[in-house]
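Structure file start-v8.cif with mmCIF, C-alpha atoms and all ligand atoms:
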```
data_input
loop_
_atom_site.group_PDB
_atom_site.id
_atom_site.type_symbol
_atom_site.label_atom_id
_atom_site.label_comp_id
_atom_site.auth_asym_id
_atom_site.auth_seq_id
_atom_site.Cartn_x
_atom_site.Cartn_y
_atom_site.Cartn_z
ATOM 1 C CA MET A 1 -11.224 45.991 18.923
ATOM 2 C CA ARG A 2 -12.901 44.908 22.177
ATOM 3 C CA LEU A 3 -10.635 44.147 25.164
ATOM 4 C CA GLY A 4 -11.233 41.468 27.809
ATOM 5 C CA ASN A 5 -12.559 44.119 30.242
ATOM 6 C CA GLY A 6 -15.182 45.196 27.703
ATOM 7 C CA GLU A 7 -13.356 48.413 26.739
ATOM 8 C CA ARG A 8 -13.313 49.255 23.005
ATOM 9 C CA LEU A 9 -10.126 50.457 21.284
ATOM 10 C CA THR A 10 -10.160 52.473 18.080
ATOM 11 C CA THR A 11 -6.882 52.753 16.197
ATOM 12 C CA TRP A 12 -5.392 52.715 12.686
ATOM 13 C CA LEU A 13 -3.410 49.497 12.993
ATOM 14 C CA ILE A 14 -3.019 46.667 15.506
ATOM 15 C CA VAL A 15 0.027 44.387 15.290
ATOM 16 C CA GLY A 16 -0.899 40.870 16.431
ATOM 17 C CA ALA A 17 2.265 39.427 18.003
ATOM 18 C CA ASP A 18 0.360 37.215 20.446
ATOM 19 C CA GLY A 19 1.645 33.802 19.429
ATOM 20 C CA ARG A 20 0.063 30.632 18.106
ATOM 21 C CA GLY A 21 -3.276 30.975 19.944
ATOM 22 C CA SER A 22 -3.599 34.581 18.687
ATOM 23 C CA LEU A 23 -6.712 36.458 19.802
ATOM 24 C CA CYS A 24 -5.792 39.133 17.245
ATOM 25 C CA ARG A 25 -6.007 36.525 14.470
ATOM 26 C CA ALA A 26 -9.472 35.528 15.666
ATOM 27 C CA GLU A 27 -10.544 39.189 15.932
ATOM 28 C CA ALA A 28 -9.373 39.771 12.353
ATOM 29 C CA GLY A 29 -11.545 36.839 11.225
ATOM 30 C CA ILE A 30 -8.504 35.077 9.733
ATOM 31 C CA GLU A 31 -8.719 31.294 9.560
ATOM 32 C CA ALA A 32 -5.611 29.178 10.257
ATOM 33 C CA ARG A 33 -4.831 25.654 9.087
ATOM 34 C CA THR A 34 -3.050 23.526 11.670
ATOM 35 C CA SER A 35 -1.493 20.094 11.279
ATOM 36 C CA PRO A 36 -0.023 18.304 14.283
ATOM 37 C CA TYR A 37 3.128 16.172 14.031
ATOM 38 C CA PRO A 38 3.505 12.880 15.938
ATOM 39 C CA GLN A 39 6.275 14.527 17.954
ATOM 40 C CA THR A 40 6.756 16.458 21.199
ATOM 41 C CA ALA A 41 9.658 18.792 22.032
ATOM 42 C CA VAL A 42 11.227 18.751 25.484
ATOM 43 C CA ALA A 43 12.895 22.125 26.081
ATOM 44 C CA THR A 44 15.259 23.181 28.861
ATOM 45 C CA ARG A 45 18.656 24.762 29.469
ATOM 46 C CA PHE A 46 21.700 23.024 30.890
ATOM 47 C CA ARG A 47 25.222 23.734 32.089
ATOM 48 C CA HIS A 48 28.169 21.778 30.691
ATOM 49 C CA THR A 49 31.898 21.464 31.273
ATOM 50 C CA ARG A 50 33.244 22.117 27.734
ATOM 51 C CA PRO A 51 32.806 25.512 25.944
ATOM 52 C CA HIS A 52 30.255 25.567 23.109
ATOM 53 C CA ASP A 53 32.367 28.075 21.115
ATOM 54 C CA ASN A 54 29.098 29.781 20.113
ATOM 55 C CA ILE A 55 28.187 26.816 17.917
ATOM 56 C CA SER A 56 24.647 25.415 17.747
ATOM 57 C CA SER A 57 24.492 21.658 17.083
ATOM 58 C CA GLU A 58 21.579 19.691 15.665
ATOM 59 C CA PHE A 59 21.464 15.878 15.957
ATOM 60 C CA HIS A 60 19.106 14.286 13.424
ATOM 61 C CA ARG A 61 17.507 11.217 14.957
ATOM 62 C CA PRO A 62 14.615 8.967 13.833
ATOM 63 C CA ALA A 63 12.116 10.610 16.213
ATOM 64 C CA GLY A 64 13.207 14.161 15.289
ATOM 65 C CA PRO A 65 16.038 16.627 15.838
ATOM 66 C CA MET A 66 17.839 17.343 19.107
ATOM 67 C CA THR A 67 19.322 20.847 19.110
ATOM 68 C CA THR A 68 21.659 22.705 21.457
ATOM 69 C CA VAL A 69 21.788 26.502 21.189
ATOM 70 C CA PRO A 70 24.665 28.380 22.891
ATOM 71 C CA LEU A 71 23.818 30.702 25.794
ATOM 72 C CA ALA A 72 26.230 32.856 27.843
ATOM 73 C CA GLY A 73 29.177 31.032 29.446
ATOM 74 C CA LEU A 74 29.108 27.274 29.901
ATOM 75 C CA GLU A 75 25.356 27.020 29.276
ATOM 76 C CA SER A 76 23.166 25.975 26.337
ATOM 77 C CA SER A 77 19.468 25.672 25.671
ATOM 78 C CA LEU A 78 18.129 22.325 24.524
ATOM 79 C CA VAL A 79 15.248 21.327 22.253
ATOM 80 C CA TRP A 80 14.897 17.557 22.228
ATOM 81 C CA VAL A 81 12.213 16.244 19.863
ATOM 82 C CA GLU A 82 10.822 12.772 20.561
ATOM 83 C CA THR A 83 7.682 10.684 20.145
ATOM 84 C CA PRO A 84 4.991 11.861 22.589
ATOM 85 C CA GLU A 85 5.456 8.683 24.693
ATOM 86 C CA GLU A 86 9.234 9.118 24.960
ATOM 87 C CA ALA A 87 8.824 12.838 25.725
ATOM 88 C CA ARG A 88 6.419 11.944 28.556
ATOM 89 C CA ARG A 89 9.024 9.529 29.918
ATOM 90 C CA LEU A 90 11.789 12.175 29.727
ATOM 91 C CA MET A 91 9.556 14.727 31.465
ATOM 92 C CA ALA A 92 8.848 12.276 34.303
ATOM 93 C CA LEU A 93 12.554 11.598 35.044
ATOM 94 C CA ASP A 94 14.197 13.303 38.015
ATOM 95 C CA ASP A 95 17.008 15.766 37.170
ATOM 96 C CA GLY A 96 19.812 13.240 37.800
ATOM 97 C CA ALA A 97 18.282 10.603 35.505
ATOM 98 C CA PHE A 98 17.514 13.227 32.819
ATOM 99 C CA MET A 99 21.133 14.480 32.963
ATOM 100 C CA ARG A 100 22.410 10.921 32.457
ATOM 101 C CA GLU A 101 20.147 10.437 29.415
ATOM 102 C CA LEU A 102 21.255 13.779 27.995
ATOM 103 C CA ASP A 103 24.918 12.934 28.599
ATOM 104 C CA GLY A 104 24.430 9.714 26.630
ATOM 105 C CA ARG A 105 22.745 11.500 23.718
ATOM 106 C CA LEU A 106 25.310 14.322 23.506
ATOM 107 C CA MET A 107 28.203 11.829 23.438
ATOM 108 C CA GLY A 108 30.618 14.244 25.115
ATOM 109 C CA LEU A 109 30.032 17.056 22.576
ATOM 110 C CA LEU A 110 29.918 19.645 25.382
ATOM 111 C CA GLY A 111 31.849 17.644 27.965
ATOM 112 C CA ALA A 112 29.749 16.451 30.910
ATOM 113 C CA VAL A 113 26.262 17.811 31.681
ATOM 114 C CA ALA A 114 26.690 19.675 35.003
ATOM 115 C CA SER A 115 23.081 20.730 35.770
ATOM 116 C CA VAL A 116 19.703 21.122 34.060
ATOM 117 C CA GLY A 117 16.982 23.745 34.374
ATOM 118 C CA ARG A 118 13.215 23.344 34.497
ATOM 119 C CA ARG A 119 11.816 21.252 31.643
ATOM 120 C CA ALA A 120 8.795 22.147 29.495
ATOM 121 C CA SER A 121 7.198 20.106 26.713
ATOM 122 C CA PHE A 122 5.468 21.288 23.513
ATOM 123 C CA PRO A 123 3.522 19.180 21.014
ATOM 124 C CA LEU A 124 4.883 19.990 17.515
ATOM 125 C CA THR A 125 2.396 21.636 15.189
ATOM 126 C CA ARG A 126 2.438 23.443 11.898
ATOM 127 C CA LEU A 127 0.109 26.428 11.603
ATOM 128 C CA ALA A 128 -0.469 28.694 8.631
ATOM 129 C CA ALA A 129 -2.851 31.663 8.764
ATOM 130 C CA ASP A 130 -4.777 32.127 5.514
ATOM 131 C CA ARG A 131 -3.708 35.775 5.424
ATOM 132 C CA LEU A 132 -1.279 37.890 7.451
ATOM 133 C CA GLY A 133 -3.632 40.831 7.781
ATOM 134 C CA ALA A 134 -7.273 41.948 7.723
ATOM 135 C CA ARG A 135 -9.600 44.405 9.488
ATOM 136 C CA ARG A 136 -6.703 46.690 10.527
ATOM 137 C CA ILE A 137 -4.832 43.817 12.178
ATOM 138 C CA ALA A 138 -1.409 42.638 10.912
ATOM 139 C CA LEU A 139 -0.089 39.304 12.172
ATOM 140 C CA VAL A 140 3.616 38.787 12.914
ATOM 141 C CA GLY A 141 5.518 35.739 14.154
ATOM 142 C CA GLU A 142 3.663 32.696 15.416
ATOM 143 C CA ALA A 143 0.324 34.502 15.254
ATOM 144 C CA GLY A 144 0.709 34.006 11.494
ATOM 145 C CA HIS A 145 2.837 30.875 11.130
ATOM 146 C CA VAL A 146 4.192 28.113 13.355
ATOM 147 C CA ILE A 147 6.844 25.674 12.149
ATOM 148 C CA PRO A 148 8.661 22.862 13.989
ATOM 149 C CA PRO A 149 11.821 23.919 15.897
ATOM 150 C CA ILE A 150 14.273 22.584 13.337
ATOM 151 C CA GLY A 151 16.983 24.575 11.581
ATOM 152 C CA ALA A 152 16.320 27.521 13.972
ATOM 153 C CA GLN A 153 14.022 29.288 11.499
ATOM 154 C CA GLY A 154 11.014 30.346 13.613
ATOM 155 C CA LEU A 155 12.378 33.453 15.299
ATOM 156 C CA ASN A 156 14.079 34.775 12.154
ATOM 157 C CA LEU A 157 10.825 34.451 10.197
ATOM 158 C CA GLY A 158 9.032 36.538 12.828
ATOM 159 C CA LEU A 159 11.779 39.182 12.828
ATOM 160 C CA ARG A 160 11.525 39.486 9.046
ATOM 161 C CA ASP A 161 7.708 39.934 9.373
ATOM 162 C CA ILE A 162 8.251 42.820 11.778
ATOM 163 C CA ALA A 163 11.012 44.457 9.719
ATOM 164 C CA THR A 164 8.850 44.277 6.585
ATOM 165 C CA LEU A 165 5.786 45.683 8.328
ATOM 166 C CA VAL A 166 7.788 48.536 9.893
ATOM 167 C CA GLU A 167 9.117 49.453 6.461
ATOM 168 C CA MET A 168 5.658 49.445 4.865
ATOM 169 C CA VAL A 169 4.071 51.433 7.690
ATOM 170 C CA ALA A 170 6.895 54.010 7.596
ATOM 171 C CA HIS A 171 6.442 54.371 3.837
ATOM 172 C CA ALA A 172 2.652 54.780 4.185
ATOM 173 C CA ARG A 173 3.150 57.371 6.931
ATOM 174 C CA GLY A 174 5.638 59.265 4.787
ATOM 175 C CA THR A 175 3.124 59.528 1.969
ATOM 176 C CA GLY A 176 0.192 60.389 4.232
ATOM 177 C CA ALA A 177 -1.539 57.063 3.448
ATOM 178 C CA ASP A 178 -3.645 55.011 5.883
ATOM 179 C CA ILE A 179 -1.225 52.703 7.770
ATOM 180 C CA GLY A 180 -3.883 50.066 8.439
ATOM 181 C CA SER A 181 -5.665 50.010 5.076
ATOM 182 C CA ASN A 182 -6.726 46.804 3.342
ATOM 183 C CA THR A 183 -4.317 47.752 0.551
ATOM 184 C CA LEU A 184 -1.356 47.911 2.939
ATOM 185 C CA LEU A 185 -2.339 44.687 4.697
ATOM 186 C CA ALA A 186 -2.751 42.859 1.377
ATOM 187 C CA ALA A 187 0.652 44.154 0.222
ATOM 188 C CA TYR A 188 2.223 43.012 3.526
ATOM 189 C CA ASP A 189 0.710 39.546 3.049
ATOM 190 C CA ARG A 190 2.044 39.349 -0.540
ATOM 191 C CA GLU A 191 5.493 40.532 0.556
ATOM 192 C CA ARG A 192 5.846 37.896 3.303
ATOM 193 C CA ARG A 193 3.986 34.962 1.704
ATOM 194 C CA GLY A 194 6.942 33.612 -0.351
ATOM 195 C CA ASP A 195 9.450 33.589 2.512
ATOM 196 C CA VAL A 196 6.974 32.082 5.005
ATOM 197 C CA THR A 197 5.799 29.352 2.597
ATOM 198 C CA ALA A 198 9.342 28.471 1.495
ATOM 199 C CA ARG A 199 10.663 28.173 5.091
ATOM 200 C CA ALA A 200 7.626 26.216 6.302
ATOM 201 C CA THR A 201 7.923 23.793 3.381
ATOM 202 C CA MET A 202 11.673 23.332 3.889
ATOM 203 C CA VAL A 203 11.356 22.697 7.625
ATOM 204 C CA ASP A 204 8.338 20.413 7.118
ATOM 205 C CA THR A 205 10.176 18.355 4.479
ATOM 206 C CA LEU A 206 13.304 18.059 6.627
ATOM 207 C CA ASN A 207 11.257 17.020 9.648
ATOM 208 C CA ARG A 208 9.159 14.494 7.701
ATOM 209 C CA SER A 209 12.314 13.036 6.131
ATOM 210 C CA LEU A 210 13.542 12.259 9.674
ATOM 211 C CA ILE A 211 10.413 10.472 10.851
ATOM 212 C CA SER A 212 9.580 8.732 7.558
ATOM 213 C CA ASP A 213 10.333 5.028 7.011
ATOM 214 C CA PHE A 214 10.793 5.692 3.284
ATOM 215 C CA LEU A 215 14.447 4.755 2.586
ATOM 216 C CA PRO A 216 15.007 6.953 -0.548
ATOM 217 C CA LEU A 217 14.058 10.015 1.524
ATOM 218 C CA HIS A 218 16.740 9.103 4.102
ATOM 219 C CA LEU A 219 19.287 8.678 1.309
ATOM 220 C CA VAL A 220 18.477 12.101 -0.172
ATOM 221 C CA ARG A 221 18.698 13.768 3.266
ATOM 222 C CA GLY A 222 21.954 11.910 4.022
ATOM 223 C CA ALA A 223 23.468 13.019 0.691
ATOM 224 C CA GLY A 224 22.386 16.606 1.365
ATOM 225 C CA LEU A 225 23.923 16.652 4.853
ATOM 226 C CA HIS A 226 27.117 15.029 3.524
ATOM 227 C CA ALA A 227 27.376 17.774 0.868
ATOM 228 C CA LEU A 228 26.868 20.424 3.582
ATOM 229 C CA ASN A 229 29.605 18.830 5.666
ATOM 230 C CA SER A 230 32.158 18.570 2.880
ATOM 231 C CA LEU A 231 31.520 21.797 0.927
ATOM 232 C CA PRO A 232 32.279 24.906 3.045
ATOM 233 C CA TRP A 233 30.865 27.306 0.373
ATOM 234 C CA LEU A 234 27.539 25.406 0.408
ATOM 235 C CA ARG A 235 27.480 25.458 4.220
ATOM 236 C CA ARG A 236 28.089 29.226 4.259
ATOM 237 C CA LEU A 237 25.355 29.759 1.644
ATOM 238 C CA VAL A 238 22.798 27.697 3.613
ATOM 239 C CA MET A 239 23.681 29.470 6.881
ATOM 240 C CA ARG A 240 23.340 32.880 5.200
ATOM 241 C CA GLU A 241 19.993 31.878 3.667
ATOM 242 C CA GLY A 242 18.807 30.665 7.081
ATOM 243 C CA LEU A 243 19.534 34.012 8.704
ATOM 244 C CA GLN A 244 18.696 36.312 5.832
ATOM 245 C CA PRO A 245 17.311 34.907 2.584
ATOM 246 C CA SER A 246 18.362 36.393 -0.713
ATOM 247 C CA GLY A 247 15.886 38.698 -2.363
ATOM 248 C CA ARG A 248 14.672 41.999 -1.008
ATOM 249 C CA VAL A 249 16.017 42.715 2.492
ATOM 250 C CA PRO A 250 13.818 44.942 4.705
ATOM 251 C CA ALA A 251 15.687 48.168 5.600
ATOM 252 C CA LEU A 252 15.568 47.362 9.317
ATOM 253 C CA MET A 253 17.528 44.138 8.706
ATOM 254 C CA GLN A 254 20.229 45.589 6.504
ATOM 255 C CA GLN A 255 23.708 45.859 7.958
ATOM 256 C CA GLY A 256 24.243 49.234 9.567
ATOM 257 C CA ALA A 257 20.509 49.802 10.242
ATOM 258 C CA ASP A 258 19.835 51.562 13.584
HETATM 259 C C1 LIG B 301 10.510 24.099 21.975
HETATM 260 C C2 LIG B 301 10.751 25.219 21.002
HETATM 261 C C3 LIG B 301 12.042 25.529 20.606
HETATM 262 C C4 LIG B 301 12.307 26.536 19.683
HETATM 263 N N1 LIG B 301 13.588 26.795 19.300
HETATM 264 C C5 LIG B 301 13.827 27.770 18.404
HETATM 265 C C6 LIG B 301 15.163 28.077 17.988
HETATM 266 O O1 LIG B 301 16.121 27.445 18.433
HETATM 267 N N2 LIG B 301 15.343 29.085 17.095
HETATM 268 C C7 LIG B 301 14.280 29.787 16.584
HETATM 269 O O2 LIG B 301 14.489 30.685 15.753
HETATM 270 N N3 LIG B 301 13.020 29.535 16.954
HETATM 271 C C8 LIG B 301 12.770 28.548 17.854
HETATM 272 N N4 LIG B 301 11.505 28.287 18.242
HETATM 273 C C9 LIG B 301 10.436 29.119 17.710
HETATM 274 C C10 LIG B 301 10.393 30.455 18.462
HETATM 275 O O3 LIG B 301 10.261 30.187 19.836
HETATM 276 C C11 LIG B 301 9.202 31.214 17.946
HETATM 277 O O4 LIG B 301 9.378 31.444 16.557
HETATM 278 C C12 LIG B 301 9.074 32.567 18.630
HETATM 279 O O5 LIG B 301 9.028 32.430 20.030
HETATM 280 C C13 LIG B 301 7.771 33.187 18.170
HETATM 281 O O6 LIG B 301 7.676 34.431 18.765
HETATM 282 P P1 LIG B 301 6.279 35.152 18.875
HETATM 283 O O7 LIG B 301 6.581 36.436 19.551
HETATM 284 O O8 LIG B 301 5.602 35.162 17.559
HETATM 285 O O9 LIG B 301 5.370 34.215 19.813
HETATM 286 P P2 LIG B 301 5.594 33.889 21.369
HETATM 287 O O10 LIG B 301 7.042 33.695 21.693
HETATM 288 O O11 LIG B 301 4.640 32.768 21.649
HETATM 289 O O12 LIG B 301 5.117 35.213 22.106
HETATM 290 C C14 LIG B 301 3.754 35.582 22.152
HETATM 291 C C15 LIG B 301 3.576 36.432 23.402
HETATM 292 O O13 LIG B 301 2.254 36.950 23.418
HETATM 293 C C16 LIG B 301 1.757 36.843 24.728
HETATM 294 N N5 LIG B 301 0.287 36.783 24.662
HETATM 295 C C17 LIG B 301 -0.475 35.861 24.042
HETATM 296 N N6 LIG B 301 -1.774 36.143 24.186
HETATM 297 C C18 LIG B 301 -1.843 37.280 24.916
HETATM 298 C C19 LIG B 301 -2.917 38.095 25.408
HETATM 299 N N7 LIG B 301 -4.183 37.786 25.173
HETATM 300 N N8 LIG B 301 -2.607 39.196 26.112
HETATM 301 C C20 LIG B 301 -1.317 39.547 26.351
HETATM 302 N N9 LIG B 301 -0.250 38.802 25.910
HETATM 303 C C21 LIG B 301 -0.523 37.703 25.207
HETATM 304 C C22 LIG B 301 2.357 35.551 25.273
HETATM 305 O O14 LIG B 301 2.358 35.544 26.681
HETATM 306 C C23 LIG B 301 3.766 35.631 24.693
HETATM 307 O O15 LIG B 301 4.635 36.343 25.542
HETATM 308 C C24 LIG B 301 11.234 27.271 19.151
HETATM 309 C C25 LIG B 301 9.913 26.987 19.556
HETATM 310 C C26 LIG B 301 9.683 25.953 20.459
HETATM 311 C C27 LIG B 301 8.261 25.628 20.874
#
```

Output the file's structure in the form of structure tokens.
Ligand SMILES: Cc1cc2nc3c(=O)[nH]c(=O)nc-3n(C[C@H](O)[C@H](O)[C@H](O)COP(=O)(O)OP(=O)(O)OC[C@H]3O[C@@H](n4cnc5c(N)ncnc54)[C@H](O)[C@@H]3O)c2cc1C
Amino acid sequence: MRLGNGERLTTWLIVGADGRGSLCRAEAGIEARTSPYPQTAVATRFRHTRPHDNISSEFHRPAGPMTTVPLAGLESSLVWVETPEEARRLMALDDGAFMRELDGRLMGLLGAVASVGRRASFPLTRLAADRLGARRIALVGEAGHVIPPIGAQGLNLGLRDIATLVEMVAHARGTGADIGSNTLLAAYDRERRGDVTARATMVDTLNRSLISDFLPLHLVRGAGLHALNSLPWLRRLVMREGLQPSGRVPALMQQGAD
């Protein structure tokens, strides 16, 4: 692999964890399909007066989800998905006006909004690399797949990529095999493909059901959320699947792993 300063690196395996614009993906000659959504996320953190009790909340609104994720103390991070025009308006507000808008949207869930941090905005995109490895380069996380920030699935997907790759590399090492071979990279791609495709499809469907005008889709989503709300066993199952899907669990992600 050639570095920016012209230096050449020779190694058995490179792990491309360099995000959605991955240079490693380009170096591996792997194509990626991208599809933009008509949505932009405004992300920030904010302080509030009521404890979050370590609960993340997701509001499903016609323009997209608005999610709070608990941080330490009386602080949460915020991902607020809107139309690009509305996101531009929110970004242009001063802190006081933004806090008032946020207060209105949260409807007292976390008490009053006490302060907000710096805001950043991200156009929502879906990206899927054709393969997760080639030419001694393995892709993990957003270098291989980007999904909208809904249902908090992105980070967990990336962690499962890494845990799977670590396991396969350790096994290859143990048997004296080449840790960056085409065989290993193809096996890694096969191992991760199902999980990545299933999560991306689920998140895409949920997101499109929010922004669609098609009434039956809203009814199906509403029925699903009602079932989640009223059936604790179903809620537990969905939460467990979100964190760690059933099927083979990489050793690094099993309880008690170092
Ligand atoms: C607004 C928003 C909210 C989100 N909320 C959630 C959530 O609540 N829960 C969740 O699970 N996921 C969430 N996600 C998704 C989550 O952020 C990603 O899944 C995760 O950050 C992907 O990690 P990554 O390491 O693959 O990529 P990144 O986090 O993008 O990290 C890539 C790193 O590589 C570095 N890099 C890139 N190119 C180079 C280079 N040439 N040289 C050196 N370094 C380089 C970058 O600087 C960066 O530090 C959210 C995403 C967005 C946009």

So how many Å separate atom CA of Thr10 of chain A and atom CA of Thr183 of chain A, to one decimal? 19.1 Å

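This file gives the following result for the PyMOL selection byres (((chain A and resi 117-120) around 10) and not hetatm): Ala41, Val42, Ala43, Thr44, Arg45, Phe46, Arg47, Ser77, Leu78, Val79, Leu90, Met91, Ala92, Asp95, Phe98, Ser115, Val116, Ser121 and Phe122 of chain A.
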
Nearby residues (all atoms listed in the file) at most 12 Å from Leu109 of chain A, same-chain spacing under 3 positions excluded, as a ChimeraX atom specification: /A:48-53,55-59,67-68,76,102-106,112-113

Selection within 7 Å of ligand LIG 301 (chain B) by all atoms listed in the file, output as a count of residues only: 25

Explicit residue set for the PyMOL selection byres (((chain A and resi 134) around 9) and not hetatm), as a list in words: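 The output of the PyMOL selection byres (((chain A and resi 134) around 9) and not hetatm) on this file is Arg25, Ala28, Gly29, Ile30, Arg131, Leu132, Gly133, Arg135, Arg136, Ile137, Ala138, Leu139, Gly180, Ser181, Asn182, Leu185 and Ala186 of chain A.
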
Go through the shown structure with the PyMOL selection byres (((chain A and resi 204) around 12) and not hetatm) and write out the matching residues as number ranges by chain. A: 35-37, 64, 124-127, 146-151, 153, 196-203, 205-212

Counting only C-alpha atoms, the option among A:Val166, A:Leu159, A:Arg2, A:Asp178 closest to Asp195 of chain A: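 Closest residue, counting only C-alpha atoms: A:Leu159.
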
Separation of atom CA of Gly4 of chain A and atom CA of Gly16 of chain A, in Å? 15.4 Å

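Compared by their closest atoms to Val249 of chain A, and using all atoms listed in the file, the residues A:Ala163, A:Met168, A:Leu3, A:Leu9 rank with A:Ala163 nearest.
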
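Atom to atom, atom CA of Leu165 of chain A and atom CA of Glu31 of chain A stand 20.5 Å apart.
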
Which one is closest to Trp80 of chain A: A:Ile14, A:Leu157, A:Ala63, A:Val169? Count all atoms listed in the file. A:Ala63

Ranking A:Met253, A:Ala32, A:Ala114, A:Ala129 by minimum distance to Glu167 of chain A and counting only C-alpha atoms, which one comes first?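 Checking each candidate against Glu167 of chain A, we get A:Met253 as the closest.
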
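Proximity to Arg160 of chain A was assessed for A:Ala72, A:Leu252, A:Ala26, A:Met1 counting all atoms listed in the file; the smallest distance is recorded for A:Leu252.
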
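Nearest residue to His145 of chain A among A:Gln39, A:Gly222, A:Ile179, A:Arg193 is A:Arg193, counting all atoms listed in the file.
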